[in-house]
Structures are given as structure tokens and as C-alpha cells.
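**Student:** Below is the file run_30.cif, which contains mmCIF, C-alpha atoms.
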data_data
loop_
_atom_site.label_atom_id
_atom_site.label_comp_id
_atom_site.auth_asym_id
_atom_site.auth_seq_id
_atom_site.Cartn_x
_atom_site.Cartn_y
_atom_site.Cartn_z
CA MET A 2 213.28 146.62 39.16
CA PHE A 3 209.84 147.66 37.96
CA SER A 4 208.10 145.04 40.08
CA ILE A 5 210.09 145.88 43.23
CA PHE A 6 209.27 149.56 43.00
CA LEU A 7 205.69 148.89 42.00
CA ARG A 8 205.30 146.86 45.18
CA ALA A 9 206.96 149.67 47.14
CA GLY A 10 204.58 152.16 45.52
CA LEU A 11 201.62 150.11 46.69
CA ALA A 12 202.78 150.27 50.32
CA PHE A 13 200.63 152.32 52.66
CA GLY A 14 201.97 154.50 55.42
CA GLY A 15 204.00 156.98 53.38
CA GLY A 16 207.78 156.95 53.68
CA LEU A 17 208.15 154.26 56.31
CA GLY A 18 205.84 151.84 54.52
CA ILE A 19 207.79 152.22 51.28
CA LEU A 20 211.12 151.95 53.11
CA ALA A 21 210.11 148.67 54.72
CA VAL A 22 209.26 147.08 51.34
CA LEU A 23 212.50 148.30 49.76
CA GLU A 24 214.57 146.98 52.65
CA GLU A 25 212.91 143.58 52.47
CA GLU A 26 213.33 143.28 48.70
CA LEU A 27 216.80 144.76 48.22
CA VAL A 28 218.55 143.82 51.46
CA ASP A 29 216.88 140.68 52.83
CA LYS A 30 215.59 138.81 49.77
CA ARG A 31 217.91 139.72 46.91
CA ARG A 32 221.01 140.78 48.86
CA ALA A 33 221.59 143.38 46.15
CA VAL A 34 222.48 146.00 48.75
CA THR A 35 224.10 145.62 52.17
CA LYS A 36 222.25 146.84 55.22
CA GLU A 37 224.89 149.49 55.79
CA GLU A 38 224.71 150.78 52.22
CA PHE A 39 220.92 150.84 52.48
CA LEU A 40 221.08 153.08 55.54
CA THR A 41 223.68 155.35 53.93
CA ILE A 42 221.56 155.84 50.81
CA TYR A 43 218.53 156.50 53.03
CA GLY A 44 220.52 159.11 54.95
CA ILE A 45 221.52 160.90 51.74
CA GLY A 46 217.99 160.63 50.39
CA ARG A 47 216.65 162.50 53.39
CA ILE A 48 218.47 165.70 52.43
CA VAL A 49 217.34 165.59 48.79
CA PRO A 50 214.59 168.19 48.24
CA SER A 51 212.12 165.95 46.43
CA GLY A 52 210.76 163.64 49.09
CA THR A 53 213.00 160.87 50.39
CA MET A 54 211.30 157.98 48.59
CA THR A 55 211.49 159.70 45.20
CA ALA A 56 215.21 160.18 45.85
CA LEU A 57 215.61 156.49 46.74
CA ALA A 58 213.94 155.46 43.49
CA VAL A 59 216.44 157.62 41.59
CA ALA A 60 219.34 156.18 43.59
CA TYR A 61 218.50 152.50 43.10
CA GLY A 62 217.29 153.00 39.54
CA TYR A 63 220.62 154.63 38.73
CA LYS A 64 222.66 152.05 40.61
CA PHE A 65 221.13 149.08 38.81
CA GLY A 66 220.16 150.55 35.45
CA GLY A 67 221.70 153.97 34.82
CA LEU A 68 219.46 156.80 33.68
CA PRO A 69 216.88 154.47 32.04
CA GLY A 70 216.77 152.66 35.38
CA THR A 71 215.79 155.85 37.18
CA VAL A 72 212.86 156.35 34.83
CA ILE A 73 211.68 152.77 35.35
CA ALA A 74 211.99 152.95 39.15
CA LEU A 75 210.29 156.34 39.37
CA ALA A 76 207.47 155.28 37.07
CA ALA A 77 206.85 152.09 39.04
CA LEU A 78 206.97 153.82 42.42
CA SER A 79 204.69 156.65 41.33
CA LEU A 80 202.18 154.76 39.20
CA PRO A 81 199.84 153.52 41.98
CA VAL A 82 199.64 156.83 43.85
CA PHE A 83 199.28 158.83 40.62
CA VAL A 84 196.47 156.68 39.22
CA LEU A 85 194.58 156.63 42.54
CA THR A 86 195.02 160.36 43.04
CA ILE A 87 193.61 161.14 39.60
CA ALA A 88 190.74 158.69 40.06
CA LEU A 89 189.76 160.28 43.39
CA THR A 90 190.06 163.76 41.89
CA ILE A 91 187.72 162.76 39.07
CA ALA A 92 185.35 161.47 41.76
CA TYR A 93 185.44 164.96 43.27
CA HIS A 94 184.32 166.47 39.96
CA TYR A 95 181.33 164.14 39.85
CA LEU A 96 180.56 164.84 43.49
CA ARG A 97 180.58 168.53 42.74
CA ASN A 98 177.60 168.21 40.44
CA SER A 99 175.55 166.10 42.82
CA ARG A 100 173.57 166.78 45.98
CA LEU A 101 176.16 164.84 47.95
CA PHE A 102 178.50 167.81 47.51
CA ASP A 103 176.59 169.72 50.19
CA LEU A 104 177.51 167.00 52.66
CA LEU A 105 181.27 167.43 52.25
CA PRO A 106 181.49 170.31 54.78
CA VAL A 107 180.22 168.02 57.57
CA THR A 108 182.14 164.90 56.55
CA ILE A 109 185.45 164.78 54.70
CA ILE A 110 186.39 168.46 55.01
CA PRO A 111 186.53 168.69 58.84
CA ALA A 112 188.10 165.22 59.00
CA ALA A 113 190.80 166.36 56.57
CA LEU A 114 191.52 169.38 58.73
CA ALA A 115 191.97 167.05 61.68
CA LEU A 116 194.42 164.99 59.61
CA ILE A 117 196.49 168.12 58.98
CA VAL A 118 196.60 168.75 62.73
CA VAL A 119 197.71 165.14 63.19
CA ALA A 120 200.48 165.62 60.63
CA ALA A 121 201.69 168.72 62.49
CA LEU A 122 201.67 166.87 65.83
CA LYS A 123 203.67 164.04 64.30
CA LEU A 124 206.27 166.42 62.87
CA GLY A 125 206.43 168.27 66.17
CA LYS A 126 207.02 165.36 68.53
CA ASP A 127 209.82 167.25 70.26
CA VAL A 128 208.19 170.66 69.88
CA PHE A 129 205.36 170.51 72.39
CA ARG A 130 207.29 170.92 75.61
CA PRO A 131 209.04 173.95 77.09
CA SER A 132 212.00 174.32 74.74
CA ARG A 133 213.64 176.48 72.10
CA GLU A 134 211.70 174.43 69.58
CA LEU A 135 208.40 175.54 71.10
CA ILE A 136 209.45 179.19 70.92
CA LEU A 137 210.43 178.98 67.25
CA ALA A 138 207.21 177.15 66.35
CA GLY A 139 205.18 179.66 68.37
CA VAL A 140 206.84 182.65 66.69
CA ALA A 141 206.21 181.10 63.27
CA PHE A 142 202.58 180.52 64.21
CA ALA A 143 202.09 184.13 65.32
CA LEU A 144 203.92 185.66 62.34
CA ALA A 145 201.80 183.67 59.91
CA LEU A 146 198.44 184.06 61.63
CA PHE A 147 198.53 187.59 63.03
CA LEU A 148 201.03 189.48 60.89
CA ARG A 149 200.12 187.51 57.76
CA LEU A 150 203.73 187.23 56.67
CA ASN A 151 204.41 184.92 53.74
CA PRO A 152 204.87 181.37 55.10
CA ALA A 153 207.59 180.64 52.54
CA LEU A 154 209.71 183.44 53.99
CA ILE A 155 209.00 182.35 57.56
CA LEU A 156 210.00 178.81 56.64
CA LEU A 157 213.33 179.88 55.17
CA ALA A 158 214.02 182.16 58.13
CA GLY A 159 213.22 179.26 60.47
CA GLY A 160 215.71 177.08 58.61
CA VAL A 161 218.43 179.73 58.96
CA VAL A 162 217.66 180.17 62.67
CA GLY A 163 217.83 176.40 63.06
CA ALA A 164 221.19 176.22 61.26
CA PHE A 165 222.62 178.49 63.97
CA ALA A 166 220.59 177.24 66.94
CA TRP A 167 221.02 173.51 66.46
CA GLN A 168 224.66 173.22 65.44
CA LYS A 169 225.14 170.45 67.93
CA VAL A 170 222.01 168.49 67.24
CA GLU A 171 222.45 164.98 68.45
CA GLU A 172 221.54 162.47 65.75
CA GLU A 173 218.49 161.09 67.49
CA SER A 174 217.31 159.14 64.50
CA GLY A 175 220.35 157.20 63.36
CA SER A 176 218.86 153.73 63.52
CA LYS A 177 215.22 154.72 63.80
CA PRO A 178 214.40 156.69 60.64
CA LYS A 179 211.91 159.48 61.15
CA GLU A 180 208.98 159.86 58.85
CA SER A 181 210.56 162.45 56.62
CA GLY A 182 209.47 160.70 53.45
CA LYS A 183 205.99 161.98 54.13
CA MET B 27 197.74 181.64 36.87
CA SER B 28 199.26 179.73 33.99
CA LEU B 29 200.14 176.07 34.21
CA TRP B 30 203.84 176.92 34.09
CA LYS B 31 203.58 179.36 36.95
CA LEU B 32 201.70 176.72 38.95
CA ALA B 33 204.41 174.15 38.17
CA LEU B 34 207.13 176.60 39.15
CA LEU B 35 205.43 177.46 42.45
CA ILE B 36 204.89 173.81 43.30
CA ALA B 37 208.47 172.90 42.35
CA LEU B 38 209.70 175.71 44.59
CA PHE B 39 207.50 174.78 47.55
CA ASN B 40 208.43 171.13 47.22
CA VAL B 41 212.15 171.88 47.21
CA MET B 42 211.80 174.26 50.15
CA THR B 43 209.96 171.70 52.25
CA PHE B 44 212.18 168.76 51.22
CA GLY B 45 209.18 167.11 49.61
CA ASN B 46 207.14 167.03 52.79
CA GLY B 47 203.44 166.85 51.94
CA PRO B 48 201.85 168.42 55.05
CA VAL B 49 204.43 171.23 55.24
CA MET B 50 203.38 172.39 51.77
CA ILE B 51 199.82 173.03 53.00
CA PRO B 52 200.43 176.53 54.47
CA LEU B 53 202.36 177.55 51.35
CA LEU B 54 199.65 176.30 48.99
CA GLN B 55 196.95 177.87 51.16
CA THR B 56 198.61 181.29 51.08
CA HIS B 57 199.46 181.33 47.39
CA LEU B 58 196.74 179.34 45.64
CA VAL B 59 193.73 179.80 47.93
CA GLU B 60 194.20 183.29 49.40
CA GLY B 61 196.59 184.88 46.93
CA ALA B 62 195.59 183.79 43.45
CA HIS B 63 192.07 182.52 44.32
CA VAL B 64 192.42 179.66 41.86
CA LEU B 65 191.66 176.96 44.45
CA THR B 66 189.05 176.78 47.21
CA GLU B 67 189.82 175.65 50.74
CA ASP B 68 187.56 172.65 50.20
CA GLN B 69 189.56 171.63 47.13
CA LEU B 70 192.85 171.90 49.02
CA LEU B 71 191.49 169.81 51.89
CA TYR B 72 190.06 167.22 49.52
CA ALA B 73 193.42 166.92 47.75
CA PHE B 74 195.19 166.51 51.08
CA THR B 75 192.72 163.79 52.09
CA ILE B 76 193.62 161.90 48.93
CA ALA B 77 197.26 161.94 49.98
CA ARG B 78 196.32 160.42 53.34
CA VAL B 79 194.33 157.51 51.92
CA THR B 80 196.53 156.54 48.97
CA PRO B 81 199.72 154.46 49.11
CA GLY B 82 203.04 155.83 47.90
CA GLN B 83 204.70 159.21 48.28
CA ALA B 84 202.75 161.67 50.43
CA ASN B 85 203.45 164.81 48.39
CA PHE B 86 201.64 163.50 45.31
CA TYR B 87 198.44 165.34 46.18
CA VAL B 88 199.82 168.21 44.10
CA ALA B 89 198.81 166.05 41.10
CA SER B 90 195.23 166.33 42.33
CA ILE B 91 195.55 170.13 42.46
CA GLY B 92 197.11 170.09 38.99
CA TYR B 93 194.19 168.01 37.73
CA MET B 94 191.59 170.27 39.33
CA LEU B 95 193.07 173.32 37.61
CA TYR B 96 194.33 172.02 34.25
CA GLY B 97 193.12 168.45 33.78
CA MET B 98 195.55 165.68 32.86
CA PRO B 99 198.33 167.98 31.58
CA GLY B 100 198.20 169.79 34.94
CA ALA B 101 198.48 166.52 36.85
CA ILE B 102 201.48 165.38 34.81
CA VAL B 103 203.34 168.70 34.92
CA THR B 104 202.90 169.16 38.68
CA THR B 105 204.02 165.57 39.27
CA LEU B 106 207.17 166.13 37.22
CA ALA B 107 207.76 169.33 39.18
CA ILE B 108 208.04 167.37 42.42
CA ILE B 109 209.85 164.32 41.00
CA LEU B 110 212.66 165.92 38.98
CA PRO B 111 214.56 167.41 41.97
CA GLY B 112 215.07 163.78 43.01
CA TYR B 113 217.85 163.62 40.43
CA ILE B 114 220.03 165.68 42.78
CA MET B 115 220.49 162.25 44.37
CA ILE B 116 222.89 161.17 41.60
CA PRO B 117 225.64 163.78 42.22
CA LEU B 118 225.17 163.25 45.96
CA LEU B 119 225.84 159.53 45.52
CA HIS B 120 229.05 160.39 43.71
CA GLY B 121 231.02 161.47 46.70
CA LEU B 122 229.18 164.48 48.05
CA GLU B 123 227.65 162.45 50.82
CA HIS B 124 229.67 164.31 53.43
CA LEU B 125 226.99 167.01 52.99
CA ARG B 126 224.77 164.72 54.99
CA GLU B 127 227.10 165.06 57.93
CA SER B 128 227.11 168.85 57.72
CA ARG B 129 225.87 170.29 60.97
CA TRP B 130 224.60 173.32 59.08
CA ILE B 131 222.27 171.21 57.00
CA LYS B 132 221.10 169.24 60.03
CA GLY B 133 220.37 172.45 61.92
CA PHE B 134 218.68 173.96 58.87
CA THR B 135 216.34 171.00 58.35
CA LYS B 136 215.57 170.91 62.07
CA GLY B 137 214.72 174.63 62.04
CA LEU B 138 212.58 174.06 58.95
CA THR B 139 210.68 171.22 60.59
CA VAL B 140 210.06 173.12 63.82
CA THR B 141 208.94 176.25 61.96
CA SER B 142 206.63 174.23 59.76
CA VAL B 143 204.76 172.91 62.82
CA GLY B 144 203.80 176.50 63.71
CA LEU B 145 202.98 177.33 60.10
CA ILE B 146 200.77 174.29 59.60
CA LEU B 147 198.80 175.04 62.76
CA ALA B 148 198.39 178.68 61.67
CA ALA B 149 197.09 177.46 58.30
CA VAL B 150 194.68 175.14 60.11
CA VAL B 151 193.23 178.08 62.06
CA GLN B 152 192.85 180.10 58.86
CA ILE B 153 191.25 177.26 56.95
CA ALA B 154 188.96 176.45 59.91
CA ARG B 155 187.57 179.99 59.84
CA GLY B 156 186.48 179.50 56.26
CA THR B 157 185.32 175.90 56.28
CA LEU B 158 184.01 174.96 59.75
CA THR B 159 180.83 176.99 59.51
CA GLN B 160 178.50 174.38 61.01
CA PRO B 161 178.66 173.01 64.57
CA ILE B 162 178.65 169.46 63.17
CA ALA B 163 181.90 170.20 61.37
CA TRP B 164 183.60 171.00 64.70
CA ILE B 165 182.27 167.76 66.17
CA ILE B 166 183.70 165.79 63.25
CA LEU B 167 187.06 167.54 63.59
CA VAL B 168 187.29 166.63 67.28
CA ALA B 169 185.98 163.11 66.65
CA THR B 170 188.65 162.51 64.00
CA LEU B 171 191.37 163.75 66.34
CA VAL B 172 190.12 161.44 69.10
CA MET B 173 189.97 158.45 66.76
CA THR B 174 193.46 158.94 65.32
CA GLN B 175 195.31 160.28 68.38
CA LEU B 176 193.67 158.72 71.43
CA LEU B 177 192.20 155.52 70.02
CA LYS B 178 195.13 155.16 67.54
CA TRP B 179 192.84 154.16 64.70
CA ASN B 180 194.25 153.95 61.19
CA ILE B 181 193.29 156.90 58.97
CA VAL B 182 191.72 154.56 56.43
CA VAL B 183 189.29 153.49 59.17
CA ALA B 184 188.87 156.83 60.92
CA LEU B 185 187.98 158.78 57.78
CA PRO B 186 184.89 156.75 56.74
CA VAL B 187 183.74 156.45 60.37
CA ALA B 188 184.02 160.22 60.85
CA SER B 189 182.20 160.83 57.57
CA CYS B 190 179.36 158.47 58.55
CA LEU B 191 179.11 160.21 61.91
CA GLY B 192 178.77 163.53 60.07
CA LEU B 193 176.01 162.14 57.86
CA LEU B 194 174.20 160.71 60.87
CA LEU B 195 174.34 163.98 62.82
CA LYS B 196 173.20 165.94 59.77
CA TRP B 197 170.27 163.55 59.36
CA LEU B 198 169.32 163.69 63.05
CA LEU B 199 169.62 167.44 63.60
#
For this file, produce the structure as C-alpha cells.

**Tutor:**
Amino acid sequence: MFSIFLRAGLAFGGGLGILAVLEEELVDKRRAVTKEEFLTIYGIGRIVPSGTMTALAVAYGYKFGGLPGTVIALAALSLPVFVLTIALTIAYHYLRNSRLFDLLPVTIIPAALALIVVAALKLGKDVFRPSRELILAGVAFALALFLRLNPALILLAGGVVGAFAWQKVEEESGSKPKESGK
Amino acid sequence: MSLWKLALLIALFNVMTFGNGPVMIPLLQTHLVEGAHVLTEDQLLYAFTIARVTPGQANFYVASIGYMLYGMPGAIVTTLAIILPGYIMIPLLHGLEHLRESRWIKGFTKGLTVTSVGLILAAVVQIARGTLTQPIAWIILVATLVMTQLLKWNIVVALPVASCLGLLLKWLL
């Protein structure tokens, strides 16, 4: 269990990368889970408010090892990203005290901002065309930027609007999981 | 801001955004950068960059923020704050899975996603005002967008190339 989730935790590409490793290990190689069950657990994991992959680690940890299993799976999945994150944060502290720090505003900082734009574009694949989606996103943009309303409130309001507006959403991602594990 | 308040805020934001890393950016920007002034825009962007270049779950950059503010205890507490809600999975596995089929929840998450696109872009504009003070920075922003969107380069390649371009321009100009 530890080694499967450690391998999953080393996968790049966020949710989809991790999902691919888990599917290969649990469904194809070990036949511990059927393909159908795998998809069902993924579907449930997507509505768990912790990040889908964290939820999957809890699910499979619990399925194969009870509560201790969840701890093992979570630890293995999270170890690589946690260690790397801390190491890179420590690097930032060293950078801060060096002359290189003055170069951040023309290198990593603007690039990071671009990556946030990319993330928004990816989330909004079906937003950027004339649609109700575009209106809701545009209203949220204006409320946050010009009226300076709290984004947490806007987000919740958007969810409630969506619950009424998209009652008949067609399941467009049944077989092709979207990148919600990100 | 105490460590516990930070953990509570992060737990709340993570639950609200269903653990989506990028969607948390506007929330963190408003509360930690503008509101409480405990984090700079540069620190937030650096933490987000870490999330993009590391393997694993994409919302783990909160551990970087935790570390910046409170060292190792901060990193551990913020990580637990985003992991523990995962345990909701266990009751869901025990027969509540029909929730997944609920049209209300589907509509709600769709509304959340769509709204977050607007919010993230608004946060980008706000952050850009504070951080893109040199013309080179704008060039690097556009260059990174071109590399990742038009040329479809992997982030792990685009980031160092963009950074080197920034260094080169700084050196030339």
C-alpha cells in the first residue's frame, strides 16, 4: 500500500497523473479493484472537499487497511510533495538574503502569475464563449475587482446560483475525468 | 494572526474550493496578503510556483505558506488542515454515494468552478498591479503564456526558460 501510494505521490501532472498511476497499480496490475469500482470511487472522491486525490488515498487506505490504512496511504501520497515543498520554501529563505532575490520580480514572479492565468483558462474551458457561464464568471470578476467584495462570499453565491442554473447539467465528463484533483 | 487562525482559514478555503489549488489563490490573496498583511504577493506567487513544479496534490502549496509564517509546525498544521476533510470519504463510501448523483451538488460545483474563473482572473489583475512593476516582468508574463498555451510546453520546461529570458533581458537592458 505504502509503495503504491508513494509511486502515485511521485507522479507529475496533479490529479490526472496520480489517477493514472493508481489505475495502473490497482486495476490493471493487481486486479484489487474493478474498473467500474475505480470509476465510482473517483466519482465520489470528486465531491469530497479535500482534493480528489487525498480522498482517494483515504478510500483505498480504508478499503484495504481500515483506519491505519488511511494513515499509511495518506502519508505515502503526501510525502514527496510535502518534502519538496518544504525544501523549495527553505530555498526561498536563502534566496531572500542574497542578491539573487532582486531578480525574482523579473523571473519566477511574472512566470508564476502566467501559470495562475493558465490554471484559470484550464478551469474555464467552457466559460470563454457567449454563455451563461461567461456572464457568471464576468460578474464574479467585476464584483471582486471593482466592488472589492470578499471572494469567499462571491464563491459561495456562485455555487448557489449554479445549483439553480445548472440543474440539468449533462454529465460531460463521465468517462473522461476532468482535472478536478488539481 | 495565530497559527490556529491560519489553519482554520486554510481549512475553510480548502473545503469551500473542494481542494482546488488555483481557486484558493484569490481567497488567500484577499485574506493573507491584503487583509492581514502577513504574506507578501511575492511569497504567495512563489508558493504557487512550488505547487506547479512538484508532483502530487496541487493544493499542498499551503504547506509552503505555513512554513513561511510558522516554520515546520506551520507546514504540518496547514497540511493537516487540508488533508483531514478527506475523511468525509469514509461515510460517503458507506452508502451515501447517491449524493454524487444529486443535481444540486453538480450544479453547485459547476457554479463554483465558473465563479472561480472570474475570481482568479480578478486576483491576477490585483496581484499584477503590485508585482509587475518593470517592463521586463510583463514580457516574461506574456512569454510564459505563449510557451505554455501556444507552444504547449510543459511547465517544468517553460519556467526555467522564462526565468533565463528574464535574466538575459535584465542583463542586456

**Student:** Apply the PyMOL selection byres ((chain B and resi 33-39) around 6) to the structure shown and report the selected residues as a count of residues only.

**Tutor:** 9

**Student:** Just the residues within 10 Å of B:Leu185, please, counting all atoms listed in the file, with nothing from its chain fewer than 4 positions along; format it as a PyMOL selection string.

**Tutor:** (chain A and resi 108-109+112-113+115-116) or (chain B and resi 75+78-79+166+170+173-174+179-181+189-191)

**Student:** Pick from B:Thr141, B:Thr105, B:Ser90, B:Leu119: nearest to A:Glu38, with only C-alpha atoms counted?

**Tutor:**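 Nearest to A:Glu38: B:Leu119.
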
**Student:** List the residues matched by the PyMOL selection byres ((chain A and resi 126-135) around 12) in the displayed structure as number ranges by chain, ordered by chain and then by residue number.

**Tutor:** A: 119-125, 136-142, 159-160, 162-163, 166-167, 173, 179-180; B: 133, 136-144

**Student:** So what do you get for atom CA of A:Ile48 versus atom CA of A:Leu68, distance-wise?

**Tutor:**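 Separation between atom CA of A:Ile48 and atom CA of A:Leu68: 20.8 Å.
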
**Student:** In Å, rounded to a single decimal, give me how far atom CA of A:Ala56 is from atom CA of B:Arg129.

**Tutor:**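 Between atom CA of B:Arg129 and atom CA of A:Ala56 the gap is 21.1 Å.
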
**Student:** Just want the 8 Å neighbourhood of A:Leu78, counted on only C-alpha atoms, with same-chain residues fewer than 5 positions away dropped. Output as a PyMOL selection string.

**Tutor:** (chain A and resi 6-11+55+58) or (chain B and resi 82)

**Student:** Pull out stretch 144-176 of chain B, keep N, CA and C atoms, and write it as a PDB file, in the first residue's frame.

**Tutor:**
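Output (out-v6.pdb):
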ATOM      1  N   GLY B 144     -13.636  33.709 -12.815  1.00  0.00           N
ATOM      2  CA  GLY B 144     -13.673  35.173 -12.706  1.00  0.00           C
ATOM      3  C   GLY B 144     -12.850  35.670 -11.539  1.00  0.00           C
ATOM      4  N   LEU B 145     -12.960  34.970 -10.405  1.00  0.00           N
ATOM      5  CA  LEU B 145     -12.249  35.409  -9.197  1.00  0.00           C
ATOM      6  C   LEU B 145     -10.738  35.298  -9.361  1.00  0.00           C
ATOM      7  N   ILE B 146     -10.289  34.214  -9.986  1.00  0.00           N
ATOM      8  CA  ILE B 146      -8.846  34.034 -10.170  1.00  0.00           C
ATOM      9  C   ILE B 146      -8.300  35.143 -11.070  1.00  0.00           C
ATOM     10  N   LEU B 147      -9.036  35.434 -12.156  1.00  0.00           N
ATOM     11  CA  LEU B 147      -8.553  36.481 -13.068  1.00  0.00           C
ATOM     12  C   LEU B 147      -8.549  37.847 -12.380  1.00  0.00           C
ATOM     13  N   ALA B 148      -9.546  38.095 -11.516  1.00  0.00           N
ATOM     14  CA  ALA B 148      -9.553  39.359 -10.762  1.00  0.00           C
ATOM     15  C   ALA B 148      -8.343  39.422  -9.839  1.00  0.00           C
ATOM     16  N   ALA B 149      -8.032  38.298  -9.195  1.00  0.00           N
ATOM     17  CA  ALA B 149      -6.861  38.257  -8.304  1.00  0.00           C
ATOM     18  C   ALA B 149      -5.586  38.493  -9.105  1.00  0.00           C
ATOM     19  N   VAL B 150      -5.532  37.954 -10.323  1.00  0.00           N
ATOM     20  CA  VAL B 150      -4.351  38.146 -11.167  1.00  0.00           C
ATOM     21  C   VAL B 150      -4.141  39.641 -11.451  1.00  0.00           C
ATOM     22  N   VAL B 151      -5.238  40.329 -11.782  1.00  0.00           N
ATOM     23  CA  VAL B 151      -5.123  41.771 -12.059  1.00  0.00           C
ATOM     24  C   VAL B 151      -4.605  42.505 -10.826  1.00  0.00           C
ATOM     25  N   GLN B 152      -5.176  42.159  -9.663  1.00  0.00           N
ATOM     26  CA  GLN B 152      -4.741  42.815  -8.423  1.00  0.00           C
ATOM     27  C   GLN B 152      -3.279  42.547  -8.118  1.00  0.00           C
ATOM     28  N   ILE B 153      -2.891  41.289  -8.251  1.00  0.00           N
ATOM     29  CA  ILE B 153      -1.500  40.934  -7.954  1.00  0.00           C
ATOM     30  C   ILE B 153      -0.566  41.598  -8.967  1.00  0.00           C
ATOM     31  N   ALA B 154      -0.992  41.644 -10.231  1.00  0.00           N
ATOM     32  CA  ALA B 154      -0.154  42.240 -11.283  1.00  0.00           C
ATOM     33  C   ALA B 154       0.151  43.695 -10.977  1.00  0.00           C
ATOM     34  N   ARG B 155      -0.835  44.424 -10.445  1.00  0.00           N
ATOM     35  CA  ARG B 155      -0.621  45.830 -10.097  1.00  0.00           C
ATOM     36  C   ARG B 155       0.516  45.979  -9.099  1.00  0.00           C
ATOM     37  N   GLY B 156       0.622  45.036  -8.184  1.00  0.00           N
ATOM     38  CA  GLY B 156       1.634  45.147  -7.140  1.00  0.00           C
ATOM     39  C   GLY B 156       2.989  44.585  -7.536  1.00  0.00           C
ATOM     40  N   THR B 157       2.992  43.588  -8.436  1.00  0.00           N
ATOM     41  CA  THR B 157       4.256  42.889  -8.665  1.00  0.00           C
ATOM     42  C   THR B 157       4.894  43.180 -10.023  1.00  0.00           C
ATOM     43  N   LEU B 158       4.092  43.491 -11.050  1.00  0.00           N
ATOM     44  CA  LEU B 158       4.690  43.694 -12.373  1.00  0.00           C
ATOM     45  C   LEU B 158       5.061  45.168 -12.540  1.00  0.00           C
ATOM     46  N   THR B 159       6.100  45.579 -11.839  1.00  0.00           N
ATOM     47  CA  THR B 159       6.461  46.992 -11.841  1.00  0.00           C
ATOM     48  C   THR B 159       7.494  47.314 -12.916  1.00  0.00           C
ATOM     49  N   GLN B 160       8.141  46.280 -13.472  1.00  0.00           N
ATOM     50  CA  GLN B 160       9.133  46.522 -14.510  1.00  0.00           C
ATOM     51  C   GLN B 160       8.618  45.988 -15.850  1.00  0.00           C
ATOM     52  N   PRO B 161       8.972  46.672 -16.954  1.00  0.00           N
ATOM     53  CA  PRO B 161       8.523  46.201 -18.270  1.00  0.00           C
ATOM     54  C   PRO B 161       8.948  44.762 -18.551  1.00  0.00           C
ATOM     55  N   ILE B 162      10.132  44.389 -18.069  1.00  0.00           N
ATOM     56  CA  ILE B 162      10.610  43.014 -18.305  1.00  0.00           C
ATOM     57  C   ILE B 162       9.633  41.998 -17.728  1.00  0.00           C
ATOM     58  N   ALA B 163       9.065  42.333 -16.577  1.00  0.00           N
ATOM     59  CA  ALA B 163       8.137  41.405 -15.927  1.00  0.00           C
ATOM     60  C   ALA B 163       6.946  41.111 -16.839  1.00  0.00           C
ATOM     61  N   TRP B 164       6.445  42.150 -17.525  1.00  0.00           N
ATOM     62  CA  TRP B 164       5.319  41.944 -18.450  1.00  0.00           C
ATOM     63  C   TRP B 164       5.739  41.045 -19.604  1.00  0.00           C
ATOM     64  N   ILE B 165       6.959  41.254 -20.095  1.00  0.00           N
ATOM     65  CA  ILE B 165       7.457  40.421 -21.195  1.00  0.00           C
ATOM     66  C   ILE B 165       7.500  38.954 -20.761  1.00  0.00           C
ATOM     67  N   ILE B 166       7.992  38.720 -19.543  1.00  0.00           N
ATOM     68  CA  ILE B 166       8.100  37.342 -19.053  1.00  0.00           C
ATOM     69  C   ILE B 166       6.723  36.721 -18.881  1.00  0.00           C
ATOM     70  N   LEU B 167       5.772  37.511 -18.397  1.00  0.00           N
ATOM     71  CA  LEU B 167       4.399  37.012 -18.241  1.00  0.00           C
ATOM     72  C   LEU B 167       3.853  36.536 -19.589  1.00  0.00           C
ATOM     73  N   VAL B 168       3.983  37.409 -20.602  1.00  0.00           N
ATOM     74  CA  VAL B 168       3.471  37.061 -21.935  1.00  0.00           C
ATOM     75  C   VAL B 168       4.237  35.869 -22.509  1.00  0.00           C
ATOM     76  N   ALA B 169       5.562  35.883 -22.328  1.00  0.00           N
ATOM     77  CA  ALA B 169       6.385  34.789 -22.855  1.00  0.00           C
ATOM     78  C   ALA B 169       5.960  33.452 -22.243  1.00  0.00           C
ATOM     79  N   THR B 170       5.691  33.454 -20.939  1.00  0.00           N
ATOM     80  CA  THR B 170       5.286  32.211 -20.274  1.00  0.00           C
ATOM     81  C   THR B 170       3.935  31.737 -20.808  1.00  0.00           C
ATOM     82  N   LEU B 171       3.024  32.682 -21.032  1.00  0.00           N
ATOM     83  CA  LEU B 171       1.721  32.312 -21.589  1.00  0.00           C
ATOM     84  C   LEU B 171       1.880  31.700 -22.978  1.00  0.00           C
ATOM     85  N   VAL B 172       2.732  32.322 -23.803  1.00  0.00           N
ATOM     86  CA  VAL B 172       2.964  31.804 -25.156  1.00  0.00           C
ATOM     87  C   VAL B 172       3.544  30.392 -25.087  1.00  0.00           C
ATOM     88  N   MET B 173       4.543  30.215 -24.217  1.00  0.00           N
ATOM     89  CA  MET B 173       5.202  28.904 -24.133  1.00  0.00           C
ATOM     90  C   MET B 173       4.247  27.807 -23.679  1.00  0.00           C
ATOM     91  N   THR B 174       3.404  28.109 -22.679  1.00  0.00           N
ATOM     92  CA  THR B 174       2.535  27.056 -22.149  1.00  0.00           C
ATOM     93  C   THR B 174       1.264  26.886 -22.972  1.00  0.00           C
ATOM     94  N   GLN B 175       0.720  27.970 -23.515  1.00  0.00           N
ATOM     95  CA  GLN B 175      -0.571  27.879 -24.207  1.00  0.00           C
ATOM     96  C   GLN B 175      -0.424  27.621 -25.698  1.00  0.00           C
ATOM     97  N   LEU B 176       0.435  28.404 -26.367  1.00  0.00           N
ATOM     98  CA  LEU B 176       0.555  28.261 -27.815  1.00  0.00           C
ATOM     99  C   LEU B 176       1.519  27.150 -28.198  1.00  0.00           C
TER     100      LEU B 176
END
